[in-house]
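> Dropping the structure in here first, questions after.
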Amino acid sequence: MMASNMSENKLFNLLSDMKHYHKTYAAYCSKTNKWQEWQKWTESAEFESNVVANLSKNFSGNMDQPIRVLGIGSGDGILEMHQLRKLAAKFPKISASVVEPSELITKYKDTVGRNPVADNITFEWYKQTFDEYLACHGSEKKYHFISVVHAVYFLGDPDVFIKKMYKLLEPGGILLVILLTDHTGSGSIPLHQSELKDDKTTNNYVNSSQVKATLEKLQIEYTQSIYKETTDITDFMTNDDSEEGELLLDFLTSTINFRKSAPYDVRARVMRHFQQGSHIEKTDDGDEKISYKHTSDVAILFVTRRDRAK
Ligand SMILES: C[S@@+](CC[C@H](N)C(=O)[O-])C[C@H]1O[C@@H](n2cnc3c(N)ncnc32)[C@H](O)[C@@H]1O
């Protein structure tokens with residue numbers, strides 16, 4: 001086995017380069033079944049009872065007002081549009097605000113411009129980070145439903161961002177946070193963070209344990225459920241030259257140029273992890289694909305704002 005040379009093999013955390021992050025996320029999106037899974041989940045009894053029915057119970061007395069929905073880190077809106085469609089079927093008017101700092105917001109805007117989600121939804125677009133949005137608009141405008149899907153990783157300290165989100169909720173409003181557990185996603189990959197040499201971003205991904213600890217500290221009740229997601233990793237398992245495969249590997253390891261920059265032993269350990277966590281499936285056209293199963297922890301948080309802000 002070749003000895004690892006850490007001084008030559010610096011590993012940089014993916015979150016330090018958002019341009020590269022977006023490329024890797026696009027590669028991952030093209031290889032995951034999460035879109036189908038999340039669409040099913042939004043149509044499930046769980047979303048219906050925890051979100052739609054609760055909003056209906058808490059706000060049905062005030063139906064002439066639009067239900068105000070806030071998406072934070074909405075990306076291109078694919079997941080959020082499923083949620084909005086469900087809400088639009090229940091409530092007469094929806095006012096949706098989208099806070100997304102990247103160019104993906106333009107894609108979201110174009111999609112709803114071409115294919116309106118429903119006639120009773122109006123959109124407000126904020127091409128800003130969550131903190132920029134708060135700095136410009138404050139916390140006066142309250143929301144009935146706030147949805148944060150795989151975006152808390154970018155928001156810093158959960159003790160701080162949960163309080164800010166809570167403050168934006170109407171009494172009886174619902175906050176939905178979807179994020180990875182500490183034992184899934186890049187957190188599950190045996191790539192010790194001490195090997196990430198980029199000092200600027202030594203903070204690990206925020207995970208569900210940290211967010212749950214914050215909620216418990218603030219005595220905010222939540223419920224959670226788990227869902228499984230599968231990613232097709234054939235590209236990087238079978239072809240060292242696949243650009244898409246490299247991007248997917250970067251996304252899953254949360255590292256920039258993982259294959260080129262990781263020391264041999266780290267690479268071997270990580271590839272073994274993928275091998276052990278995957279299985280071969282036949283595709284509809286008879287080809288073989290290597291599917292890597294990982295579990296995502298979905299924390300669904302129900303928050304009733306009391307008089308006193310947390
Ligand atoms: C993993 S993507 C998730 C996108 C979408 N919610 C989904 O599930 O497909 C994370 C998103 O958070 C956005 N983001 C990054 N930093 C942010 C911040 N400080 N405030 C709000 N959104 C942020 C990114 O631009 C990106 O679109």
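Ordering of the structure tokens sets the chain letters (A, B, ...), residue numbers begin anew at 1 in every chain, and ligands are numbered from 1 in the order given.
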Quick one: residues within 9 Å of ligand 1, with only C-alpha atoms and all ligand atoms, as a PyMOL selection string?

chain A and resi 18+21-22+25+29+35+71-80+99-105+127-133+147-156+178

> Write out, as a compact mmCIF listing (two decimals), in the first residue's frame, the residues just selected, with C-alpha atoms.


```
# COMPACT_ATOMS: atom_id res chain seq x y z
CA MET A 18 -20.18 27.13 -3.81
CA TYR A 21 -20.80 22.66 -4.88
CA HIS A 22 -23.60 23.53 -7.33
CA TYR A 25 -25.22 18.91 -6.51
CA CYS A 29 -29.56 15.26 -8.52
CA TRP A 35 -37.25 13.50 -6.50
CA GLY A 71 -38.85 28.60 1.30
CA ILE A 72 -35.28 29.01 2.53
CA GLY A 73 -32.53 27.67 0.24
CA SER A 74 -35.17 26.49 -2.24
CA GLY A 75 -32.73 25.75 -5.08
CA ASP A 76 -34.62 25.27 -8.34
CA GLY A 77 -37.82 24.65 -6.38
CA ILE A 78 -38.56 21.13 -7.57
CA LEU A 79 -39.34 19.83 -4.09
CA GLU A 80 -41.01 23.00 -2.91
CA VAL A 99 -35.14 32.97 -0.42
CA GLU A 100 -32.37 31.48 -2.55
CA PRO A 101 -29.00 33.20 -3.09
CA SER A 102 -27.83 31.30 -6.18
CA GLU A 103 -28.78 31.45 -9.86
CA LEU A 104 -31.06 28.47 -9.23
CA ILE A 105 -33.73 30.98 -8.25
CA LYS A 127 -32.10 36.30 -4.43
CA GLN A 128 -30.42 36.52 -1.04
CA THR A 129 -29.05 34.42 1.74
CA PHE A 130 -31.33 33.93 4.73
CA ASP A 131 -29.32 36.47 6.74
CA GLU A 132 -29.42 39.01 3.90
CA TYR A 133 -33.18 38.56 3.69
CA SER A 147 -39.81 24.92 4.50
CA VAL A 148 -36.06 24.37 4.69
CA VAL A 149 -34.99 21.35 2.66
CA HIS A 150 -31.32 20.36 2.82
CA ALA A 151 -30.30 23.99 3.27
CA VAL A 152 -29.47 24.26 6.98
CA TYR A 153 -25.90 23.12 6.23
CA PHE A 154 -25.22 26.65 4.99
CA LEU A 155 -26.83 28.62 7.80
CA GLY A 156 -24.22 28.38 10.54
CA ILE A 178 -35.33 18.30 6.22
```

> Go through region 35-155 of chain A and collect every residue that DSSP, computed from the backbone, puts in helix (DSSP H, G or I); the answer should be as a PyMOL selection string.

chain A and resi 35-42+45-62+78-90+104-114+130-137+152-154

> Just checking: using only C-alpha atoms, which residue out of A:Ala27, A:Ile233, A:Val69, A:Phe123 ends up closest to Glu288 (chain A)?

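For Glu288 (chain A), the nearest of the given residues is A:Ile233.
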
> Env of Val51 (chain A): 10 Å cut, atoms = only C-alpha atoms, seq-sep filter 3 positions within chain, self excluded. Answer as a ChimeraX atom specification.

/A:42,45-48,54-57,83,86-87,145,173-176,300-302

> For Asp235 (chain A), please output as a list of chain:residue names all residues within 9 Å (counting only C-alpha atoms; exclusion window: fewer than 5 positions along the same chain).

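The contact residues come out as A:Asp240, A:Asp241, A:Ser242, A:Glu243, A:Glu244, A:Gly245, A:Glu246, A:Leu248, A:Lys289, A:Ile290.
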
> Keeping only C-alpha atoms, write the selected residues as a short mmCIF file (atom, residue, chain, number, x, y, z; two decimals), in the first residue's frame.


```cif
data_model
loop_
_atom_site.label_atom_id
_atom_site.label_comp_id
_atom_site.auth_asym_id
_atom_site.auth_seq_id
_atom_site.Cartn_x
_atom_site.Cartn_y
_atom_site.Cartn_z
CA ASP A 240 -12.14 6.56 -13.23
CA ASP A 241 -12.44 9.02 -16.12
CA SER A 242 -16.09 9.93 -15.76
CA GLU A 243 -16.43 13.65 -15.05
CA GLU A 244 -19.99 13.20 -13.78
CA GLY A 245 -18.76 10.38 -11.54
CA GLU A 246 -16.05 12.62 -10.07
CA LEU A 248 -20.92 12.83 -7.63
CA LYS A 289 -26.23 -0.23 -12.07
CA ILE A 290 -24.62 0.06 -8.68
#
```

> Among the residues of region 1-70 of chain A, find those DSSP assigns to strand (DSSP E) from the backbone and print them as a list in words.

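Reading the DSSP output for region 1-70 of chain A, strand (DSSP E) covers Phe12, Asn13, Ile67, Arg68, Val69 and Leu70 of chain A.
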
> Could you check the closest approach to Trp125 (chain A) for each of A:Lys141, A:Ala96, A:Glu221, A:Thr111 and tell me which residue wins, using only C-alpha atoms?

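Checking each of A:Lys141, A:Ala96, A:Glu221, A:Thr111 against Trp125 (chain A), counting only C-alpha atoms, the winner is A:Ala96.
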
> Which of these, A:Asn13, A:Thr181, A:Ser254, A:Thr230, has the shortest distance to Ile280 (chain A) once you count only C-alpha atoms?

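With only C-alpha atoms as the atom set, the closest residue is A:Thr230.
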